[in-house]
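Structure file input01.cif (mmCIF, C-alpha atoms and all ligand atoms) follows.
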data_query
loop_
_atom_site.group_PDB
_atom_site.id
_atom_site.type_symbol
_atom_site.label_atom_id
_atom_site.label_comp_id
_atom_site.auth_asym_id
_atom_site.auth_seq_id
_atom_site.Cartn_x
_atom_site.Cartn_y
_atom_site.Cartn_z
ATOM 1 C CA MET A 440 -21.188 13.055 47.467
ATOM 2 C CA LYS A 441 -23.917 12.174 45.011
ATOM 3 C CA MET A 442 -24.385 8.845 43.284
ATOM 4 C CA GLY A 443 -27.034 6.421 42.058
ATOM 5 C CA LEU A 444 -27.659 4.887 45.488
ATOM 6 C CA CYS A 445 -29.627 6.536 48.332
ATOM 7 C CA SER A 446 -27.430 8.353 50.802
ATOM 8 C CA PHE A 447 -29.168 6.522 53.622
ATOM 9 C CA CYS A 448 -28.173 3.162 52.139
ATOM 10 C CA LEU A 449 -24.621 4.366 51.589
ATOM 11 C CA LYS A 450 -24.305 5.589 55.167
ATOM 12 C CA SER A 451 -25.780 2.509 56.786
ATOM 13 C CA GLY A 452 -24.263 -0.014 54.382
ATOM 14 C CA ILE A 453 -27.583 -1.852 54.444
ATOM 15 C CA LEU A 454 -29.228 -1.509 51.063
ATOM 16 C CA CYS A 455 -32.928 -0.996 50.327
ATOM 17 C CA GLN A 456 -34.634 -3.090 47.615
ATOM 18 C CA LYS A 457 -34.018 -0.429 44.959
ATOM 19 C CA CYS A 458 -30.308 -0.100 45.685
ATOM 20 C CA LEU A 459 -29.921 -3.848 46.015
ATOM 21 C CA ALA A 460 -31.457 -4.259 42.547
ATOM 22 C CA LYS A 461 -28.869 -1.840 41.110
ATOM 23 C CA LEU A 462 -26.093 -3.873 42.696
ATOM 24 C CA LYS A 463 -27.541 -7.146 41.404
ATOM 25 C CA SER A 464 -28.000 -5.846 37.851
ATOM 26 C CA GLY A 465 -24.398 -4.635 37.797
ATOM 27 C CA GLU A 466 -25.390 -0.988 37.362
ATOM 28 C CA VAL A 467 -23.429 -0.431 40.552
ATOM 29 C CA SER A 468 -20.484 -2.728 41.357
ATOM 30 C CA GLU A 469 -19.203 -3.905 44.740
ATOM 31 C CA THR A 470 -16.130 -1.731 44.203
ATOM 32 C CA ASP A 471 -18.312 1.299 43.373
ATOM 33 C CA LEU A 472 -20.160 0.748 46.617
ATOM 34 C CA ARG A 473 -16.978 0.332 48.628
ATOM 35 C CA VAL A 474 -15.316 3.459 47.209
ATOM 36 C CA ALA A 475 -18.513 5.524 47.499
ATOM 37 C CA ARG A 476 -18.775 4.576 51.169
ATOM 38 C CA LEU A 477 -15.116 5.468 51.699
ATOM 39 C CA LEU A 478 -15.652 8.868 50.093
ATOM 40 C CA LEU A 479 -18.733 9.445 52.196
ATOM 41 C CA SER A 480 -16.800 8.663 55.367
ATOM 42 C CA LEU A 481 -14.192 11.259 54.355
ATOM 43 C CA GLU A 482 -16.747 14.046 53.744
ATOM 44 C CA GLU A 483 -16.565 15.446 57.236
ATOM 45 C CA LYS A 484 -12.806 15.852 57.017
ATOM 46 C CA PHE A 485 -12.814 17.041 53.412
ATOM 47 C CA PRO A 486 -16.058 18.996 52.816
ATOM 48 C CA SER A 487 -15.449 19.526 49.068
ATOM 49 C CA LEU A 488 -16.429 15.866 48.636
ATOM 50 C CA GLN A 489 -20.052 16.803 49.380
ATOM 51 C CA ASN A 490 -20.365 18.273 45.878
ATOM 52 C CA VAL A 491 -18.748 15.406 44.004
ATOM 53 C CA ASN A 492 -20.851 13.431 41.516
ATOM 54 C CA PHE A 493 -19.586 9.883 41.737
ATOM 55 C CA HIS A 494 -20.183 7.848 38.565
ATOM 56 C CA LYS A 495 -18.269 4.611 38.844
ATOM 57 C CA THR A 496 -14.962 2.888 39.405
ATOM 58 C CA VAL A 497 -12.862 0.832 37.012
ATOM 59 C CA ASP A 498 -10.683 -1.747 38.699
ATOM 60 C CA ALA A 499 -7.635 -2.565 36.566
ATOM 61 C CA ASP A 500 -5.159 -4.766 38.389
ATOM 62 C CA ARG A 501 -3.182 -2.543 40.774
ATOM 63 C CA THR A 502 -4.826 0.635 39.512
ATOM 64 C CA LEU A 503 -8.282 1.893 40.432
ATOM 65 C CA ALA A 504 -9.912 4.642 38.376
ATOM 66 C CA ILE A 505 -12.663 6.746 39.903
ATOM 67 C CA VAL A 506 -14.942 8.462 37.396
ATOM 68 C CA VAL A 507 -16.593 11.652 38.622
ATOM 69 C CA GLY A 508 -18.649 14.495 37.156
ATOM 70 C CA PRO A 509 -17.370 17.494 35.181
ATOM 71 C CA GLY A 510 -15.259 19.797 37.345
ATOM 72 C CA ASP A 511 -14.973 17.268 40.180
ATOM 73 C CA VAL A 512 -11.340 16.244 39.724
ATOM 74 C CA PRO A 513 -9.926 19.180 41.764
ATOM 75 C CA ARG A 514 -12.397 18.374 44.580
ATOM 76 C CA LEU A 515 -10.776 14.958 44.933
ATOM 77 C CA LEU A 516 -7.200 15.953 44.300
ATOM 78 C CA GLY A 517 -7.242 18.929 46.667
ATOM 79 C CA TYR A 518 -6.102 18.963 50.309
ATOM 80 C CA GLY A 519 -2.564 18.129 49.219
ATOM 81 C CA GLY A 520 -3.636 14.775 47.807
ATOM 82 C CA LYS A 521 -4.855 13.492 51.186
ATOM 83 C CA ILE A 522 -8.125 12.072 49.819
ATOM 84 C CA VAL A 523 -6.379 10.074 47.119
ATOM 85 C CA LYS A 524 -3.786 8.898 49.639
ATOM 86 C CA ALA A 525 -6.525 7.687 51.996
ATOM 87 C CA LEU A 526 -8.283 5.855 49.141
ATOM 88 C CA SER A 527 -5.015 4.293 48.072
ATOM 89 C CA GLN A 528 -4.306 3.062 51.593
ATOM 90 C CA GLU A 529 -7.798 1.607 52.016
ATOM 91 C CA THR A 530 -7.876 -0.157 48.657
ATOM 92 C CA GLY A 531 -4.172 -0.971 48.271
ATOM 93 C CA LYS A 532 -4.248 0.429 44.739
ATOM 94 C CA SER A 533 -2.881 3.325 42.784
ATOM 95 C CA ILE A 534 -5.760 5.815 42.269
ATOM 96 C CA ARG A 535 -6.633 7.723 39.087
ATOM 97 C CA VAL A 536 -9.391 10.327 39.146
ATOM 98 C CA LEU A 537 -11.154 10.888 35.808
ATOM 99 C CA GLU A 538 -13.915 13.207 34.691
ATOM 100 C CA ASN A 539 -16.986 12.387 32.628
ATOM 101 C CA GLY A 540 -17.819 14.463 29.565
ATOM 102 C CA VAL A 541 -14.392 15.984 28.917
ATOM 103 C CA SER A 542 -12.272 16.102 25.749
ATOM 104 C CA ASP A 543 -9.995 13.195 24.855
ATOM 105 C CA ARG A 544 -6.966 15.314 25.735
ATOM 106 C CA LYS A 545 -8.254 16.234 29.199
ATOM 107 C CA PHE A 546 -9.197 12.618 29.843
ATOM 108 C CA LEU A 547 -5.729 11.411 28.862
ATOM 109 C CA GLU A 548 -3.997 14.133 30.878
ATOM 110 C CA ASP A 549 -5.913 13.085 33.992
ATOM 111 C CA LEU A 550 -5.244 9.425 33.270
ATOM 112 C CA PHE A 551 -1.487 9.807 32.861
ATOM 113 C CA ALA A 552 -0.869 12.590 35.418
ATOM 114 C CA PRO A 553 1.774 13.485 36.579
ATOM 115 C CA MET A 554 3.410 12.358 33.344
ATOM 116 C CA THR A 555 3.667 14.800 30.460
ATOM 117 C CA ILE A 556 1.896 13.993 27.206
ATOM 118 C CA MET A 557 3.952 15.047 24.189
ATOM 119 C CA THR A 558 1.583 14.019 21.390
ATOM 120 C CA ILE A 559 -1.847 12.487 20.938
ATOM 121 C CA ASN A 560 -2.947 11.264 17.539
ATOM 122 C CA THR A 561 -5.380 8.890 15.943
ATOM 123 C CA ILE A 562 -4.212 5.864 14.007
ATOM 124 C CA TRP A 563 -6.638 4.315 11.541
ATOM 125 C CA LEU A 564 -6.234 0.587 11.092
ATOM 126 C CA HIS A 565 -6.965 -1.415 7.949
ATOM 127 C CA ASP A 566 -10.161 -2.845 9.354
ATOM 128 C CA GLY A 567 -11.579 0.668 9.834
ATOM 129 C CA SER A 568 -11.081 0.732 13.598
ATOM 130 C CA GLN A 569 -8.954 3.354 15.265
ATOM 131 C CA GLU A 570 -6.365 3.599 17.992
ATOM 132 C CA THR A 571 -5.380 6.611 20.013
ATOM 133 C CA ARG A 572 -1.633 6.917 20.205
ATOM 134 C CA VAL A 573 -0.231 8.730 23.223
ATOM 135 C CA ILE A 574 3.423 9.659 23.321
ATOM 136 C CA LEU A 575 4.653 10.379 26.832
ATOM 137 C CA LYS A 576 7.750 12.165 27.943
ATOM 138 C CA LYS A 577 10.226 9.653 29.307
ATOM 139 C CA ARG A 578 10.582 9.666 33.061
ATOM 140 C CA ARG A 579 13.191 8.144 35.265
ATOM 141 C CA GLY A 580 12.901 6.722 38.759
ATOM 142 C CA THR A 581 10.368 4.637 40.600
ATOM 143 C CA TYR A 582 7.276 5.932 38.810
ATOM 144 C CA ALA A 583 8.657 4.903 35.430
ATOM 145 C CA SER A 584 9.521 1.400 36.624
ATOM 146 C CA SER A 585 6.079 0.811 38.113
ATOM 147 C CA PHE A 586 4.289 2.214 35.051
ATOM 148 C CA ASP A 587 1.490 -0.173 34.134
ATOM 149 C CA ALA A 588 0.499 0.460 30.508
ATOM 150 C CA LYS A 589 -1.907 -2.480 30.541
ATOM 151 C CA ALA A 590 -3.970 -0.969 33.349
ATOM 152 C CA PHE A 591 -4.140 2.412 31.569
ATOM 153 C CA LYS A 592 -5.310 0.713 28.374
ATOM 154 C CA GLU A 593 -7.987 -1.193 30.231
ATOM 155 C CA ILE A 594 -9.246 1.976 31.932
ATOM 156 C CA ALA A 595 -9.371 3.950 28.638
ATOM 157 C CA SER A 596 -11.269 1.122 27.012
ATOM 158 C CA LYS A 597 -13.809 0.770 29.831
ATOM 159 C CA VAL A 598 -14.365 4.466 30.519
ATOM 160 C CA ARG A 599 -14.301 5.860 26.961
ATOM 161 C CA ASP A 600 -14.288 2.871 24.637
ATOM 162 C CA MET A 601 -10.883 4.101 23.483
ATOM 163 C CA THR A 602 -8.119 1.783 22.246
ATOM 164 C CA LEU A 603 -4.815 3.160 23.490
ATOM 165 C CA ARG A 604 -1.317 2.732 22.178
ATOM 166 C CA VAL A 605 1.260 4.060 24.631
ATOM 167 C CA GLU A 606 4.742 5.097 23.570
ATOM 168 C CA PHE A 607 7.581 7.064 25.112
ATOM 169 C CA ALA A 608 9.561 9.809 23.444
ATOM 170 C CA ASP A 609 13.341 9.497 23.599
HETATM 171 ZN ZN ZN B 1 -31.360 2.695 48.828
#

Give the structure from this file in structure tokens form.
Amino acid sequence: MKMGLCSFCLKSGILCQKCLAKLKSGEVSETDLRVARLLLSLEEKFPSLQNVNFHKTVDADRTLAIVVGPGDVPRLLGYGGKIVKALSQETGKSIRVLENGVSDRKFLEDLFAPMTIMTINTIWLHDGSQETRVILKKRRGTYASSFDAKAFKEIASKVRDMTLRVEFAD
């Protein structure tokens, strides 16, 4: 796994001056560091993680988004979901894996997976700002009842500066 901290610092957990400065300035957060170290510890078991470019995490209540490089999502979601399951167990959160530099549609599909997106459109508001409206196919069962629209909105705003409006189709 590649990220903005030295691999030696990540492995040891003891940071050099340069890495410590990144942590202090907020360029790298405590959660980024924790998740990066978790991923590193899983590399031996899941070798595809070696090629993952880790960007950052966004912590939104019970949901944790992990932002990785283009093409990296399958590397984290492979192995029958075992990596995501391990991360979820360690952090106690529901995990979303998102890719940098993709289209709005791809970003939203990854964010809302496994839900089906029916429509995405842009709403222009009177003050000139815009909202992205996502209409999801209605789902029944436990996933629907635990659906946390607030967390998804927070993640979209922090990762892509996107204001989301989430609706369900009947
Ligand atoms: Zn370092």

Nearby residues, ligand ZN 1 (chain B), 9 Å, all atoms listed in the file, as a list in words: Gly443, Leu444, Cys445, Ser446, Phe447, Cys448, Leu449, Ile453, Leu454, Cys455, Gln456, Lys457, Cys458 and Leu459 of chain A

Hits from the PyMOL selection byres (((chain A and resi 475) around 9) and not hetatm), listed as a PyMOL selection string: chain A and resi 440-442+449+470-474+476-480+493+495

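Put simply, the PyMOL selection byres (((chain A and resi 506) around 7) and not hetatm) on this file hits Phe493, His494, Lys495, Thr496, Ala504, Ile505, Val507, Val536, Leu537, Glu538 and Asn539 of chain A.
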
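Between Thr530 of chain A and the residues A:Glu548, A:Glu593, A:Asp498, A:Asp566, the shortest atom-to-atom distance, using only C-alpha atoms, involves A:Asp498.
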
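Evaluating the PyMOL selection byres (((chain A and resi 556) around 8) and not hetatm) against the shown model yields Glu548, Phe551, Met554, Thr555, Met557, Thr558, Ile559, Val573, Ile574, Leu575 and Lys576 of chain A.
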
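Counting only C-alpha atoms, the residue from A:Ser464, A:Thr571, A:Ser527, A:Ser451 that sits nearest to Ser596 of chain A is A:Thr571.
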
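Counting only C-alpha atoms, the residue from A:Lys589, A:Lys463, A:Arg544, A:Arg501 that sits nearest to Gly531 of chain A is A:Arg501.
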
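The coordinates place atom CA of Arg535 of chain A at 22.1 Å from atom CA of Glu483 of chain A.
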
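Close contacts of Leu516 of chain A, defined as residues with an atom at most 12 Å away when counting only C-alpha atoms, with chain neighbours fewer than 3 positions off set aside, comprise Phe485, Ser487, Leu488, Val491, Ile505, Val507, Gly510, Asp511, Val512, Pro513, Gly519, Gly520, Lys521, Ile522, Val523, Lys524, Ala525, Leu526, Ile534, Arg535, Val536, Leu537, Asp549 and Ala552 of chain A.
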
Write the selection just made, keeping C-alpha atoms, as an mmCIF file, in the frame of the given file?
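Ended up saving to selection_10.cif:
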data_model
loop_
_atom_site.group_PDB
_atom_site.id
_atom_site.type_symbol
_atom_site.label_atom_id
_atom_site.label_comp_id
_atom_site.auth_asym_id
_atom_site.auth_seq_id
_atom_site.Cartn_x
_atom_site.Cartn_y
_atom_site.Cartn_z
ATOM 1 C CA PHE A 485 -12.814 17.041 53.412
ATOM 2 C CA SER A 487 -15.449 19.526 49.068
ATOM 3 C CA LEU A 488 -16.429 15.866 48.636
ATOM 4 C CA VAL A 491 -18.748 15.406 44.004
ATOM 5 C CA ILE A 505 -12.663 6.746 39.903
ATOM 6 C CA VAL A 507 -16.593 11.652 38.622
ATOM 7 C CA GLY A 510 -15.259 19.797 37.345
ATOM 8 C CA ASP A 511 -14.973 17.268 40.180
ATOM 9 C CA VAL A 512 -11.340 16.244 39.724
ATOM 10 C CA PRO A 513 -9.926 19.180 41.764
ATOM 11 C CA GLY A 519 -2.564 18.129 49.219
ATOM 12 C CA GLY A 520 -3.636 14.775 47.807
ATOM 13 C CA LYS A 521 -4.855 13.492 51.186
ATOM 14 C CA ILE A 522 -8.125 12.072 49.819
ATOM 15 C CA VAL A 523 -6.379 10.074 47.119
ATOM 16 C CA LYS A 524 -3.786 8.898 49.639
ATOM 17 C CA ALA A 525 -6.525 7.687 51.996
ATOM 18 C CA LEU A 526 -8.283 5.855 49.141
ATOM 19 C CA ILE A 534 -5.760 5.815 42.269
ATOM 20 C CA ARG A 535 -6.633 7.723 39.087
ATOM 21 C CA VAL A 536 -9.391 10.327 39.146
ATOM 22 C CA LEU A 537 -11.154 10.888 35.808
ATOM 23 C CA ASP A 549 -5.913 13.085 33.992
ATOM 24 C CA ALA A 552 -0.869 12.590 35.418
#

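Comparing the minimum interatomic distances between Asp500 of chain A and each of A:Glu469, A:Asp587, A:Asp609, A:Glu482, counting all atoms listed in the file, we find that A:Asp587 sits nearest.
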
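Between atom CA of Arg604 of chain A and atom CA of Leu547 of chain A the interatomic distance comes to 11.8 Å.
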
Between atom CA of Glu606 of chain A and atom CA of Gly508 of chain A, distance in Å (one decimal): 28.6 Å

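Of the listed residues (A:Pro486, A:Leu564, A:Pro553, A:Phe546), A:Pro486 comes nearest to Gly517 of chain A; the distances count only C-alpha atoms.
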
How would segment 511-543 of chain A look with N, CA and C atoms restored, written as an mmCIF file, in the coordinates of the input?
data_model
loop_
_atom_site.group_PDB
_atom_site.id
_atom_site.type_symbol
_atom_site.label_atom_id
_atom_site.label_comp_id
_atom_site.auth_asym_id
_atom_site.auth_seq_id
_atom_site.Cartn_x
_atom_site.Cartn_y
_atom_site.Cartn_z
ATOM 1 N N ASP A 511 -15.158 17.884 38.856
ATOM 2 C CA ASP A 511 -14.973 17.268 40.180
ATOM 3 C C ASP A 511 -13.541 16.821 40.487
ATOM 4 N N VAL A 512 -12.702 16.745 39.474
ATOM 5 C CA VAL A 512 -11.340 16.244 39.724
ATOM 6 C C VAL A 512 -10.606 17.060 40.808
ATOM 7 N N PRO A 513 -10.638 18.410 40.721
ATOM 8 C CA PRO A 513 -9.926 19.180 41.764
ATOM 9 C C PRO A 513 -10.491 18.942 43.177
ATOM 10 N N ARG A 514 -11.784 18.621 43.265
ATOM 11 C CA ARG A 514 -12.397 18.374 44.580
ATOM 12 C C ARG A 514 -11.822 17.113 45.228
ATOM 13 N N LEU A 515 -11.363 16.189 44.399
ATOM 14 C CA LEU A 515 -10.776 14.958 44.933
ATOM 15 C C LEU A 515 -9.264 15.043 45.078
ATOM 16 N N LEU A 516 -8.663 15.877 44.255
ATOM 17 C CA LEU A 516 -7.200 15.953 44.300
ATOM 18 C C LEU A 516 -6.706 17.051 45.234
ATOM 19 N N GLY A 517 -7.626 17.842 45.775
ATOM 20 C CA GLY A 517 -7.242 18.929 46.667
ATOM 21 C C GLY A 517 -6.695 18.417 47.995
ATOM 22 N N TYR A 518 -6.599 19.303 48.958
ATOM 23 C CA TYR A 518 -6.102 18.963 50.309
ATOM 24 C C TYR A 518 -4.740 18.265 50.246
ATOM 25 N N GLY A 519 -3.909 18.702 49.326
ATOM 26 C CA GLY A 519 -2.564 18.129 49.219
ATOM 27 C C GLY A 519 -2.545 16.645 48.885
ATOM 28 N N GLY A 520 -3.601 16.185 48.210
ATOM 29 C CA GLY A 520 -3.636 14.775 47.807
ATOM 30 C C GLY A 520 -4.028 13.814 48.919
ATOM 31 N N LYS A 521 -4.545 14.363 50.030
ATOM 32 C CA LYS A 521 -4.855 13.492 51.186
ATOM 33 C C LYS A 521 -6.009 12.522 50.924
ATOM 34 N N ILE A 522 -6.978 12.949 50.101
ATOM 35 C CA ILE A 522 -8.125 12.072 49.819
ATOM 36 C C ILE A 522 -7.655 10.851 49.013
ATOM 37 N N VAL A 523 -6.875 11.154 47.976
ATOM 38 C CA VAL A 523 -6.379 10.074 47.119
ATOM 39 C C VAL A 523 -5.472 9.132 47.915
ATOM 40 N N LYS A 524 -4.679 9.711 48.801
ATOM 41 C CA LYS A 524 -3.786 8.898 49.639
ATOM 42 C C LYS A 524 -4.600 7.962 50.541
ATOM 43 N N ALA A 525 -5.667 8.499 51.125
ATOM 44 C CA ALA A 525 -6.525 7.687 51.996
ATOM 45 C C ALA A 525 -7.183 6.561 51.195
ATOM 46 N N LEU A 526 -7.650 6.876 49.991
ATOM 47 C CA LEU A 526 -8.283 5.855 49.141
ATOM 48 C C LEU A 526 -7.280 4.776 48.750
ATOM 49 N N SER A 527 -6.062 5.218 48.467
ATOM 50 C CA SER A 527 -5.015 4.293 48.072
ATOM 51 C C SER A 527 -4.671 3.347 49.216
ATOM 52 N N GLN A 528 -4.620 3.892 50.424
ATOM 53 C CA GLN A 528 -4.306 3.062 51.593
ATOM 54 C C GLN A 528 -5.420 2.042 51.862
ATOM 55 N N GLU A 529 -6.665 2.496 51.727
ATOM 56 C CA GLU A 529 -7.798 1.607 52.016
ATOM 57 C C GLU A 529 -7.946 0.499 50.974
ATOM 58 N N THR A 530 -7.650 0.818 49.718
ATOM 59 C CA THR A 530 -7.876 -0.157 48.657
ATOM 60 C C THR A 530 -6.602 -0.902 48.265
ATOM 61 N N GLY A 531 -5.440 -0.361 48.648
ATOM 62 C CA GLY A 531 -4.172 -0.971 48.271
ATOM 63 C C GLY A 531 -3.844 -0.786 46.793
ATOM 64 N N LYS A 532 -4.457 0.217 46.175
ATOM 65 C CA LYS A 532 -4.248 0.429 44.739
ATOM 66 C C LYS A 532 -3.802 1.853 44.443
ATOM 67 N N SER A 533 -3.225 2.000 43.263
ATOM 68 C CA SER A 533 -2.881 3.325 42.784
ATOM 69 C C SER A 533 -4.163 3.952 42.220
ATOM 70 N N ILE A 534 -4.471 5.190 42.604
ATOM 71 C CA ILE A 534 -5.760 5.815 42.269
ATOM 72 C C ILE A 534 -5.615 6.811 41.122
ATOM 73 N N ARG A 535 -6.520 6.737 40.165
ATOM 74 C CA ARG A 535 -6.633 7.723 39.087
ATOM 75 C C ARG A 535 -8.006 8.366 39.208
ATOM 76 N N VAL A 536 -8.083 9.675 39.098
ATOM 77 C CA VAL A 536 -9.391 10.327 39.146
ATOM 78 C C VAL A 536 -9.684 10.905 37.763
ATOM 79 N N LEU A 537 -10.805 10.493 37.175
ATOM 80 C CA LEU A 537 -11.154 10.888 35.808
ATOM 81 C C LEU A 537 -12.520 11.561 35.788
ATOM 82 N N GLU A 538 -12.691 12.425 34.782
ATOM 83 C CA GLU A 538 -13.915 13.207 34.691
ATOM 84 C C GLU A 538 -14.758 12.744 33.507
ATOM 85 N N ASN A 539 -16.051 12.693 33.703
ATOM 86 C CA ASN A 539 -16.986 12.387 32.628
ATOM 87 C C ASN A 539 -17.169 13.601 31.721
ATOM 88 N N GLY A 540 -17.426 13.371 30.454
ATOM 89 C CA GLY A 540 -17.819 14.463 29.565
ATOM 90 C C GLY A 540 -16.732 15.468 29.233
ATOM 91 N N VAL A 541 -15.479 15.067 29.284
ATOM 92 C CA VAL A 541 -14.392 15.984 28.917
ATOM 93 C C VAL A 541 -13.809 15.578 27.555
ATOM 94 N N SER A 542 -12.916 16.410 27.024
ATOM 95 C CA SER A 542 -12.272 16.102 25.749
ATOM 96 C C SER A 542 -11.325 14.908 25.930
ATOM 97 N N ASP A 543 -10.948 14.305 24.806
ATOM 98 C CA ASP A 543 -9.995 13.195 24.855
ATOM 99 C C ASP A 543 -8.692 13.637 25.525
#
